[in-house]
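Peer 1: final.cif (mmCIF, C-alpha atoms) pasted underneath:
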data_final
#
loop_
_atom_site.label_atom_id
_atom_site.label_comp_id
_atom_site.auth_asym_id
_atom_site.auth_seq_id
_atom_site.Cartn_x
_atom_site.Cartn_y
_atom_site.Cartn_z
CA MET X 977 0.00 0.00 0.00
CA PRO X 978 1.49 3.40 -0.94
CA MET X 979 1.76 6.00 1.79
CA ASP X 980 -0.58 8.96 1.77
CA SER X 981 0.68 12.47 2.44
CA ALA X 982 -0.42 12.47 6.10
CA LEU X 983 1.44 9.24 6.89
CA SER X 984 4.49 10.49 5.01
CA ALA X 985 4.45 13.63 7.15
CA VAL X 986 4.13 11.60 10.35
CA LEU X 987 7.05 9.34 9.47
CA GLY X 988 9.06 12.31 8.26
CA SER X 989 8.74 13.81 11.74
CA VAL X 990 11.06 11.05 13.00
CA GLY X 991 13.39 11.15 9.99
CA VAL X 992 11.86 8.23 8.08
CA THR X 993 11.77 9.08 4.37
CA PRO X 994 9.71 7.06 1.84
CA GLU X 995 12.72 5.07 0.64
CA LEU X 996 13.20 3.73 4.18
CA VAL X 997 9.69 2.24 4.22
CA ALA X 998 9.50 -1.39 3.09
CA SER X 999 5.81 -1.98 3.73
CA CYS X 1000 2.69 -0.14 4.79
CA GLU X 1001 -0.52 -1.92 5.77
CA PRO X 1002 -3.77 -0.62 7.31
CA LEU X 1003 -4.95 -2.65 10.30
CA SER X 1004 -8.58 -3.40 10.98
CA GLY X 1005 -10.25 -3.94 14.33
CA GLY X 1006 -10.01 -0.40 15.63
CA THR X 1007 -13.25 1.46 16.17
CA TYR X 1008 -12.05 5.06 16.33
CA ASN X 1009 -8.46 5.87 15.31
CA ALA X 1010 -6.89 4.82 12.00
CA VAL X 1011 -4.10 2.28 12.53
CA THR X 1012 -1.28 1.45 10.08
CA ARG X 1013 1.51 -1.12 10.35
CA VAL X 1014 4.77 0.15 8.91
CA GLY X 1015 7.78 -2.05 8.14
CA LEU X 1016 11.14 -0.32 7.71
CA THR X 1017 13.98 -1.48 5.51
CA ASP X 1018 16.18 -2.04 8.58
CA GLY X 1019 13.70 -4.59 9.96
CA ARG X 1020 11.93 -2.41 12.51
CA ARG X 1021 8.14 -2.69 12.63
CA TRP X 1022 6.01 0.15 13.90
CA VAL X 1023 2.34 0.90 14.38
CA VAL X 1024 1.10 4.40 13.59
CA LYS X 1025 -2.19 5.77 14.93
CA THR X 1026 -3.97 8.87 13.69
CA PRO X 1027 -7.35 10.17 14.83
CA PRO X 1028 -10.35 10.85 12.60
CA PRO X 1029 -11.01 14.40 11.35
CA VAL X 1030 -11.80 16.90 14.09
CA ALA X 1031 -15.33 17.33 12.75
CA THR X 1032 -16.13 13.63 13.24
CA SER X 1033 -18.90 13.03 15.76
CA CYS X 1034 -17.76 11.33 18.94
CA LEU X 1035 -18.56 10.87 22.60
CA ALA X 1036 -17.33 13.60 24.94
CA TYR X 1037 -14.64 11.42 26.53
CA GLU X 1038 -13.24 10.50 23.09
CA ARG X 1039 -11.82 13.96 22.41
CA ASP X 1040 -8.02 13.76 22.23
CA LEU X 1041 -7.91 10.00 22.81
CA LEU X 1042 -4.31 9.88 21.64
CA VAL X 1043 -3.33 11.90 24.72
CA ASN X 1044 -4.62 9.00 26.83
CA GLU X 1045 -2.75 6.46 24.75
CA VAL X 1046 0.52 8.34 25.08
CA ALA X 1047 -0.08 8.60 28.84
CA PHE X 1048 -0.68 4.85 29.05
CA TYR X 1049 2.51 3.84 27.21
CA THR X 1050 4.58 6.46 28.99
CA ALA X 1051 3.37 5.38 32.42
CA ALA X 1052 3.85 1.68 31.60
CA ALA X 1053 7.27 2.17 29.99
CA PRO X 1054 9.32 1.05 33.04
CA LEU X 1055 7.37 -2.23 32.99
CA ALA X 1056 7.11 -2.57 29.20
CA GLU X 1057 9.08 -5.80 28.85
CA GLU X 1058 7.24 -7.66 31.60
CA THR X 1059 3.82 -6.30 30.66
CA ALA X 1060 4.05 -6.69 26.85
CA VAL X 1061 3.10 -3.04 26.29
CA PRO X 1062 4.32 -1.33 23.09
CA ALA X 1063 7.19 1.14 23.39
CA LEU X 1064 6.40 4.71 22.43
CA ILE X 1065 8.61 5.85 19.54
CA HIS X 1066 7.26 9.36 19.04
CA SER X 1067 4.04 11.32 19.23
CA GLY X 1068 2.64 14.59 18.05
CA LEU X 1069 -0.57 15.57 19.75
CA ASP X 1070 -1.21 18.89 18.00
CA PRO X 1071 -3.83 18.36 15.26
CA ALA X 1072 -2.58 21.52 13.54
CA THR X 1073 0.77 19.93 12.55
CA PRO X 1074 1.28 18.92 8.88
CA GLY X 1075 0.45 15.26 9.53
CA GLY X 1076 -2.09 16.00 12.26
CA ALA X 1077 -1.98 14.29 15.65
CA TYR X 1078 -0.31 10.88 15.70
CA VAL X 1079 1.34 8.21 17.82
CA ILE X 1080 4.14 5.91 16.64
CA MET X 1081 4.81 2.79 18.70
CA THR X 1082 6.59 -0.52 18.32
CA GLU X 1083 4.60 -3.44 16.99
CA ARG X 1084 4.00 -6.23 19.48
CA PRO X 1085 4.00 -9.87 18.30
CA GLY X 1086 0.96 -12.08 18.05
CA GLN X 1087 -2.68 -12.14 17.04
CA PRO X 1088 -5.73 -10.92 18.95
CA TRP X 1089 -6.76 -13.58 21.47
CA HIS X 1090 -10.24 -14.05 20.01
CA GLU X 1091 -8.72 -14.95 16.63
CA VAL X 1092 -6.76 -17.90 18.06
CA ALA X 1093 -9.11 -18.91 20.88
CA ASP X 1094 -10.44 -21.98 19.07
CA ALA X 1095 -6.91 -23.22 18.34
CA LEU X 1096 -5.60 -23.14 21.91
CA ALA X 1097 -4.38 -26.48 23.26
CA ASP X 1098 -5.84 -28.10 26.37
CA GLY X 1099 -5.01 -26.00 29.40
CA GLU X 1100 -3.41 -23.26 27.30
CA ALA X 1101 -6.21 -20.75 27.81
CA GLN X 1102 -6.00 -21.22 31.57
CA ARG X 1103 -2.24 -20.70 31.56
CA LEU X 1104 -2.60 -17.58 29.43
CA ARG X 1105 -5.27 -16.19 31.77
CA THR X 1106 -2.86 -16.61 34.69
CA GLU X 1107 -0.13 -14.84 32.74
CA LEU X 1108 -2.56 -12.08 31.80
CA GLY X 1109 -3.52 -11.69 35.44
CA ARG X 1110 0.12 -11.16 36.42
CA ILE X 1111 0.54 -8.57 33.67
CA VAL X 1112 -2.55 -6.59 34.63
CA GLY X 1113 -1.57 -6.75 38.30
CA ARG X 1114 1.82 -5.27 37.43
CA LEU X 1115 0.21 -2.49 35.39
CA HIS X 1116 -1.94 -1.64 38.39
CA THR X 1117 1.20 -0.99 40.45
CA VAL X 1118 2.03 2.04 38.29
CA PRO X 1119 1.66 5.14 40.49
CA GLY X 1120 -0.81 7.77 39.36
CA PRO X 1121 -0.14 11.50 38.93
CA GLY X 1122 -2.16 12.45 42.00
CA GLY X 1123 -5.62 12.71 40.48
CA PHE X 1124 -8.39 10.63 38.92
CA GLY X 1125 -9.88 10.65 35.42
CA TYR X 1126 -8.82 10.91 31.77
CA PRO X 1127 -5.36 12.43 31.10
CA SER X 1128 -6.76 14.09 27.98
CA ALA X 1129 -8.84 16.43 30.18
CA ALA X 1130 -11.69 15.85 27.72
CA LEU X 1131 -14.05 15.93 30.72
CA GLY X 1132 -12.02 18.46 32.69
CA PRO X 1133 -8.85 18.27 34.77
CA LEU X 1134 -8.02 15.26 36.92
CA ALA X 1135 -10.27 15.16 39.98
CA PRO X 1136 -9.04 14.88 43.57
CA THR X 1137 -11.44 11.98 44.27
CA TRP X 1138 -12.51 8.90 42.35
CA ARG X 1139 -16.15 9.71 43.11
CA GLY X 1140 -15.76 13.12 41.46
CA ALA X 1141 -14.02 11.68 38.40
CA PHE X 1142 -16.38 8.76 37.85
CA THR X 1143 -19.46 10.90 38.36
CA ALA X 1144 -18.18 13.21 35.62
CA MET X 1145 -17.52 10.21 33.37
CA THR X 1146 -20.99 8.72 33.73
CA GLY X 1147 -22.57 12.15 33.54
CA ALA X 1148 -20.80 12.85 30.25
CA VAL X 1149 -21.96 9.67 28.55
CA LEU X 1150 -25.52 10.27 29.73
CA ASP X 1151 -25.31 13.80 28.32
CA ASP X 1152 -24.12 12.21 25.06
CA ALA X 1153 -27.12 9.88 25.14
CA GLU X 1154 -29.43 12.88 25.27
CA THR X 1155 -27.47 14.79 22.61
CA TYR X 1156 -27.54 11.90 20.14
CA GLY X 1157 -30.97 10.56 21.06
CA ALA X 1158 -29.48 7.14 21.82
CA ARG X 1159 -31.79 4.26 22.54
CA LEU X 1160 -31.46 3.07 26.16
CA PRO X 1161 -33.49 0.48 28.07
CA ARG X 1162 -34.28 3.05 30.79
CA THR X 1163 -34.60 6.80 30.85
CA VAL X 1164 -31.52 8.94 31.32
CA ALA X 1165 -33.09 10.43 34.46
CA ASP X 1166 -33.64 6.98 35.99
CA ILE X 1167 -30.09 5.88 35.20
CA ARG X 1168 -28.63 9.07 36.69
CA ARG X 1169 -30.65 8.54 39.85
CA ARG X 1170 -29.47 4.97 40.31
CA LEU X 1171 -25.82 5.77 39.68
CA ASP X 1172 -25.81 8.86 41.89
CA ALA X 1173 -27.47 7.00 44.76
CA ALA X 1174 -24.61 4.49 44.86
CA SER X 1175 -21.73 6.92 44.25
CA SER X 1176 -20.58 7.05 47.89
CA VAL X 1177 -19.01 3.58 47.48
CA LEU X 1178 -16.46 5.15 45.14
CA ASP X 1179 -14.90 6.90 48.12
CA ASP X 1180 -13.46 3.50 49.05
CA VAL X 1181 -10.93 4.07 46.23
CA ARG X 1182 -8.17 6.39 47.36
CA ARG X 1183 -5.25 5.52 45.08
CA PRO X 1184 -5.44 6.25 41.34
CA ALA X 1185 -4.19 3.26 39.34
CA LEU X 1186 -3.33 2.90 35.66
CA VAL X 1187 -6.55 1.46 34.21
CA HIS X 1188 -6.67 0.28 30.57
CA PHE X 1189 -10.48 -0.22 30.54
CA ASP X 1190 -10.55 -1.89 27.12
CA LEU X 1191 -8.95 -5.26 27.82
CA TRP X 1192 -11.32 -7.41 25.81
CA GLN X 1193 -9.67 -10.20 23.84
CA GLY X 1194 -9.18 -8.04 20.75
CA ASN X 1195 -6.66 -5.91 22.62
CA VAL X 1196 -4.69 -8.83 24.06
CA LEU X 1197 -2.24 -10.38 21.59
CA VAL X 1198 -1.26 -14.04 21.83
CA ALA X 1199 2.08 -15.08 20.32
CA GLY X 1200 4.07 -18.28 19.90
CA ALA X 1201 3.57 -21.84 18.71
CA PRO X 1202 0.69 -24.08 19.87
CA GLY X 1203 1.25 -25.33 23.38
CA VAL X 1204 3.83 -22.66 24.25
CA ARG X 1205 1.89 -19.53 23.48
CA ARG X 1206 2.36 -16.42 25.61
CA ILE X 1207 0.86 -12.97 25.92
CA GLY X 1208 2.54 -11.01 23.15
CA GLY X 1209 0.98 -7.62 23.63
CA ILE X 1210 -1.39 -5.38 25.55
CA ILE X 1211 -2.44 -2.80 22.99
CA ASP X 1212 -4.82 0.12 22.36
CA GLY X 1213 -4.43 2.03 25.59
CA GLU X 1214 -6.37 5.02 24.28
CA ARG X 1215 -9.32 4.59 26.63
CA MET X 1216 -7.20 4.46 29.77
CA PHE X 1217 -7.85 6.54 32.85
CA TRP X 1218 -6.47 6.93 36.34
CA GLY X 1219 -8.95 5.26 38.65
CA ASP X 1220 -10.05 2.15 40.48
CA PRO X 1221 -7.96 -0.82 39.27
CA ALA X 1222 -11.03 -3.04 39.62
CA ALA X 1223 -12.57 -1.19 36.68
CA ASP X 1224 -10.35 -3.27 34.39
CA PHE X 1225 -12.18 -6.42 35.47
CA VAL X 1226 -15.24 -5.37 33.47
CA SER X 1227 -13.66 -5.63 30.01
CA LEU X 1228 -11.44 -8.52 31.09
CA ALA X 1229 -14.59 -10.49 31.86
CA LEU X 1230 -16.70 -8.90 29.14
CA PHE X 1231 -20.27 -10.24 29.47
CA GLY X 1232 -18.95 -12.64 32.10
CA ASP X 1233 -18.19 -12.81 35.83
CA MET X 1234 -14.66 -12.06 37.00
CA GLU X 1235 -15.26 -13.94 40.25
CA GLU X 1236 -15.35 -17.15 38.21
CA ASP X 1237 -12.02 -16.49 36.45
CA LYS X 1238 -9.85 -18.34 39.00
CA GLU X 1239 -6.78 -18.52 36.75
CA PHE X 1240 -6.71 -14.78 36.06
CA LEU X 1241 -7.29 -13.95 39.72
CA ALA X 1242 -4.49 -16.27 40.79
CA GLY X 1243 -2.01 -14.49 38.52
CA TYR X 1244 -3.37 -11.08 39.46
CA GLY X 1245 -3.01 -11.78 43.17
CA GLU X 1246 0.68 -12.56 42.69
CA SER X 1247 1.54 -9.14 41.29
CA ALA X 1248 -1.20 -6.63 42.15
CA PRO X 1249 -0.35 -4.02 44.79
CA GLY X 1250 -3.14 -5.18 47.09
CA GLY X 1251 -2.49 -8.91 46.71
CA PRO X 1252 -5.35 -11.37 46.17
CA VAL X 1253 -8.73 -9.82 45.36
CA GLU X 1254 -11.49 -9.96 47.95
CA PHE X 1255 -14.95 -9.68 46.39
CA ASP X 1256 -16.69 -7.88 49.22
CA GLY X 1257 -19.82 -5.73 49.05
CA SER X 1258 -17.91 -2.59 48.11
CA LEU X 1259 -16.10 -4.25 45.20
CA ARG X 1260 -19.24 -5.91 43.83
CA LEU X 1261 -21.15 -2.62 43.88
CA ARG X 1262 -18.28 -0.77 42.23
CA LEU X 1263 -18.09 -3.43 39.53
CA ALA X 1264 -21.82 -3.00 38.86
CA LEU X 1265 -21.21 0.74 38.41
CA TYR X 1266 -18.34 0.10 36.00
CA ARG X 1267 -20.39 -2.41 34.01
CA ALA X 1268 -23.14 0.16 33.70
CA TYR X 1269 -20.64 2.74 32.44
CA LEU X 1270 -19.16 0.39 29.83
CA TYR X 1271 -22.56 -0.76 28.60
CA LEU X 1272 -23.75 2.86 28.36
CA ILE X 1273 -20.74 3.66 26.18
CA MET X 1274 -21.42 0.64 23.95
CA LEU X 1275 -25.05 1.66 23.43
CA VAL X 1276 -24.54 5.40 22.98
CA GLU X 1277 -21.52 5.20 20.66
CA THR X 1278 -23.58 3.39 18.01
CA VAL X 1279 -25.14 6.74 17.07
CA PRO X 1280 -22.08 8.90 16.32
CA ARG X 1281 -20.40 5.87 14.72
CA LYS X 1282 -23.40 5.37 12.47
CA ALA X 1283 -23.66 1.66 13.22
CA ASP X 1284 -25.47 -0.37 10.59
CA SER X 1285 -28.72 -2.21 11.28
CA GLN X 1286 -26.96 -5.50 12.03
CA GLN X 1287 -24.62 -3.91 14.57
CA LEU X 1288 -27.50 -1.97 16.13
CA ALA X 1289 -29.52 -5.15 16.50
CA TRP X 1290 -26.58 -7.02 18.07
CA THR X 1291 -25.83 -4.21 20.50
CA TRP X 1292 -29.44 -3.89 21.60
CA ARG X 1293 -29.81 -7.65 21.99
CA GLU X 1294 -26.54 -8.25 23.84
CA VAL X 1295 -25.83 -5.01 25.71
CA ALA X 1296 -29.17 -3.47 26.68
CA PRO X 1297 -30.23 -6.39 28.94
CA ARG X 1298 -26.82 -6.36 30.60
CA LEU X 1299 -27.11 -2.63 31.29
CA GLU X 1300 -30.48 -3.27 32.92
CA ALA X 1301 -28.99 -6.07 35.01
CA ALA X 1302 -26.08 -3.86 36.09
CA LEU X 1303 -28.46 -1.07 37.09
CA ASP X 1304 -30.55 -3.58 39.05
CA ASP X 1305 -27.38 -4.74 40.82
CA VAL X 1306 -26.53 -1.14 41.66
CA GLU X 1307 -29.96 -0.45 43.13
CA SER X 1308 -30.25 -3.71 45.06
CA ALA X 1309 -26.76 -3.67 46.56
CA PRO X 1310 -26.68 -3.15 50.33
CA ARG X 1311 -25.42 0.28 51.42
CA SER X 1312 -22.92 0.58 54.27
#
Kindly transcribe the structure held in the file into structure tokens.

Peer 2:
Amino acid sequence: MPMDSALSAVLGSVGVTPELVASCEPLSGGTYNAVTRVGLTDGRRWVVKTPPPVATSCLAYERDLLVNEVAFYTAAAPLAEETAVPALIHSGLDPATPGGAYVIMTERPGQPWHEVADALADGEAQRLRTELGRIVGRLHTVPGPGGFGYPSAALGPLAPTWRGAFTAMTGAVLDDAETYGARLPRTVADIRRRLDAASSVLDDVRRPALVHFDLWQGNVLVAGAPGVRRIGGIIDGERMFWGDPAADFVSLALFGDMEEDKEFLAGYGESAPGGPVEFDGSLRLRLALYRAYLYLIMLVETVPRKADSQQLAWTWREVAPRLEAALDDVESAPRS
């Protein structure tokens, strides 16, 4: 694939001229930023991300997502080798530059987990879940900058409390739902009431952790030969925030129950700053809040992304009932 002028400008910013590029290939699977794999003549392999045009409709928290991604890779850099996180090569976050905003990172080996799931040998998935648990636990040891929320400041500056940050996050996506007229299984007013009534539990979180928040199988790369596979990469950190580390459990157990993932929890308990996870009343209620937030995003984003009828039908069928269940869990949870 020939390079377009924007990609040429991005690569030129780090001294890579067209004759130094051996290959250039767009990557699918992303839902927001454009992603391109670039092979250089000296054997290096990079991944370049660029955002959509500024005028593109998006959710409020999605403004300047690349700022979050740079923050994720920068924060994780001291642990990059043991956590399989890409290394940041260069970034330009000013959309007014010749190539626009961009991030260049090293390519990590492997394929998305869901693409190889059916080919895993007996016991291999369990071993990989344990390894993944150790990796996520290590990422959660990364110290925060002293506040909670999105580094991009898309919803405002980092907040001094997790309750303040998360309330702004849920409030923003509910505002988006009203702006875009998104279809939800309950009214925005009812959802706000339920989430606000439970928000005091968020005060149990006092230390901001590095939270990826998009660790579904598509963002976990699996590398190696059958029987000896390993986690090759943790990618797409653009939706990260500083917050409750338990929030990562929602995408890690997407549509499932993290309490049942014994292998992941075993690995996580070995490396996480708090040791083994205790699923007490506070954690279960917080997880219900985080599920509600993720499911709200999944439902509302279908409008600005102009999802087709098949995707709309799938999202309503699979996500709407789970949002209702999460909201029921929030309302029925005992309050301390």

Peer 1: Give me the stretch 1111-1144 of chain X side of the contact with stretch 1216-1227 of chain X, cut-off 6 Å, one line per residue showing its nearest atom pair and distance in Å at one decimal, counting all atoms listed in the file, sorted by chain and residue number, as CSV.

Peer 2:
residue,atom,partner,partner_atom,distance
X:Phe1124,CA,X:Trp1218,CA,4.9
X:Gly1125,CA,X:Trp1218,CA,5.1
X:Tyr1126,CA,X:Phe1217,CA,4.6

Peer 1: Using only C-alpha atoms, which residues sit within 10 Å of X:Ala1101 once same-chain residues fewer than 3 positions away are excluded, as a list of chain:residue names?

Peer 2: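 Contacts, with the query itself left out: X:Trp1089, X:Ala1093, X:Asp1094, X:Ala1095, X:Leu1096, X:Ala1097, X:Asp1098, X:Leu1104, X:Arg1105, X:Thr1106, X:Glu1107, X:Gly1203, X:Arg1205, X:Arg1206, X:Glu1239.
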
Peer 1: Those same residues - C-alpha atoms - I'd like them written as an mmCIF file, keeping the file's coordinate frame.

Peer 2:
data_model
loop_
_atom_site.group_PDB
_atom_site.id
_atom_site.type_symbol
_atom_site.label_atom_id
_atom_site.label_comp_id
_atom_site.auth_asym_id
_atom_site.auth_seq_id
_atom_site.Cartn_x
_atom_site.Cartn_y
_atom_site.Cartn_z
ATOM 1 C CA TRP X 1089 -6.760 -13.580 21.470
ATOM 2 C CA ALA X 1093 -9.110 -18.910 20.880
ATOM 3 C CA ASP X 1094 -10.440 -21.980 19.070
ATOM 4 C CA ALA X 1095 -6.910 -23.220 18.340
ATOM 5 C CA LEU X 1096 -5.600 -23.140 21.910
ATOM 6 C CA ALA X 1097 -4.380 -26.480 23.260
ATOM 7 C CA ASP X 1098 -5.840 -28.100 26.370
ATOM 8 C CA LEU X 1104 -2.600 -17.580 29.430
ATOM 9 C CA ARG X 1105 -5.270 -16.190 31.770
ATOM 10 C CA THR X 1106 -2.860 -16.610 34.690
ATOM 11 C CA GLU X 1107 -0.130 -14.840 32.740
ATOM 12 C CA GLY X 1203 1.250 -25.330 23.380
ATOM 13 C CA ARG X 1205 1.890 -19.530 23.480
ATOM 14 C CA ARG X 1206 2.360 -16.420 25.610
ATOM 15 C CA GLU X 1239 -6.780 -18.520 36.750
#

Peer 1: List, as a list in words, every residue that the PyMOL selection byres ((chain X and resi 1065-1070) around 9) selects in the file provided.

Peer 2: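 Checking the PyMOL selection byres ((chain X and resi 1065-1070) around 9) against this file, the residues are Val986, Ser989, Val990, Trp1022, Asp1040, Leu1042, Val1043, Val1046, Ala1063, Leu1064, Pro1071, Ala1072, Thr1073, Gly1075, Gly1076, Ala1077, Tyr1078, Val1079, Ile1080, Met1081 and Thr1082 of chain X.
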
Peer 1: Determine, for each residue of stretch 989-1035 of chain X having at least one atom at most 8 Å from an atom of stretch 1264-1280 of chain X, the closest pair of atoms and their separation in Å to one decimal, counting only C-alpha atoms; order by chain and ascending number, as a Markdown table.

Peer 2:
| residue | atom | partner | partner_atom | distance |
| --- | --- | --- | --- | --- |
| X:Ser1033 | CA | X:Pro1280 | CA | 5.2 |
| X:Cys1034 | CA | X:Pro1280 | CA | 5.6 |
| X:Leu1035 | CA | X:Glu1277 | CA | 6.7 |

Peer 1: Exactly which residues make up the result of the PyMOL selection byres ((chain X and resi 1049) around 9) on this file, given as a ChimeraX atom specification?

Peer 2: /X:1044-1048,1050-1053,1056,1061-1064,1081,1213

Peer 1: Considering all atoms listed in the file, can you say which of X:Arg1169, X:Arg1260, X:Arg1020, X:Arg1182 comes closest to X:Met1234?

Peer 2: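 Using all atoms listed in the file, X:Met1234 sits closest to X:Arg1260.
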
Peer 1: Just how far from atom CA of X:Ala1036 is atom CA of X:Ala1148, in Å to one decimal?

Peer 2: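 So the two atoms, atom CA of X:Ala1148 and atom CA of X:Ala1036, lie 6.4 Å apart.
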
Peer 1: Between atom CA of X:Ala1242 and atom CA of X:Leu1303, what is the spacing in Å?

Peer 2: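 So the answer is 28.6 Å.
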
Peer 1: Go ahead and compute the interatomic distance for atom CA of X:Ser981 and atom CA of X:Arg1013, in Å to one decimal.

Peer 2: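 Distance between the two atoms: 15.7 Å.
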
Peer 1: Taking only C-alpha atoms into account, which of X:Gln1286, X:Ser1258, X:Ser999, X:Ser1247 comes nearest X:Val1177?

Peer 2: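 Of X:Gln1286, X:Ser1258, X:Ser999, X:Ser1247, the one nearest X:Val1177 is X:Ser1258, counting only C-alpha atoms.
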
Peer 1: Which residue, X:Glu1057, X:Pro1127, X:Ala1010, X:Gly1113, has the smallest gap to X:Gly1251 when you use all atoms listed in the file?

Peer 2: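 With all atoms listed in the file as the atom set, the closest residue is X:Gly1113.
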
Peer 1: For X:Ala1283, which residue among X:Asp1151, X:Ala1158, X:Val1196, X:Ala1301 is the nearest when counting all atoms listed in the file?

Peer 2: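 The shortest atom-to-atom distance to X:Ala1283 comes from X:Ala1158.
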
Peer 1: Name the residues that the PyMOL selection byres ((chain X and resi 1150) around 9) pulls out of this structure, and write them as a list in words.

Peer 2: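 This file gives the following for the PyMOL selection byres ((chain X and resi 1150) around 9): Met1145, Thr1146, Gly1147, Ala1148, Val1149, Asp1151, Asp1152, Ala1153, Glu1154, Thr1155, Val1164, Ala1165, Ile1167, Arg1168, Leu1272, Ile1273 and Val1276 of chain X.
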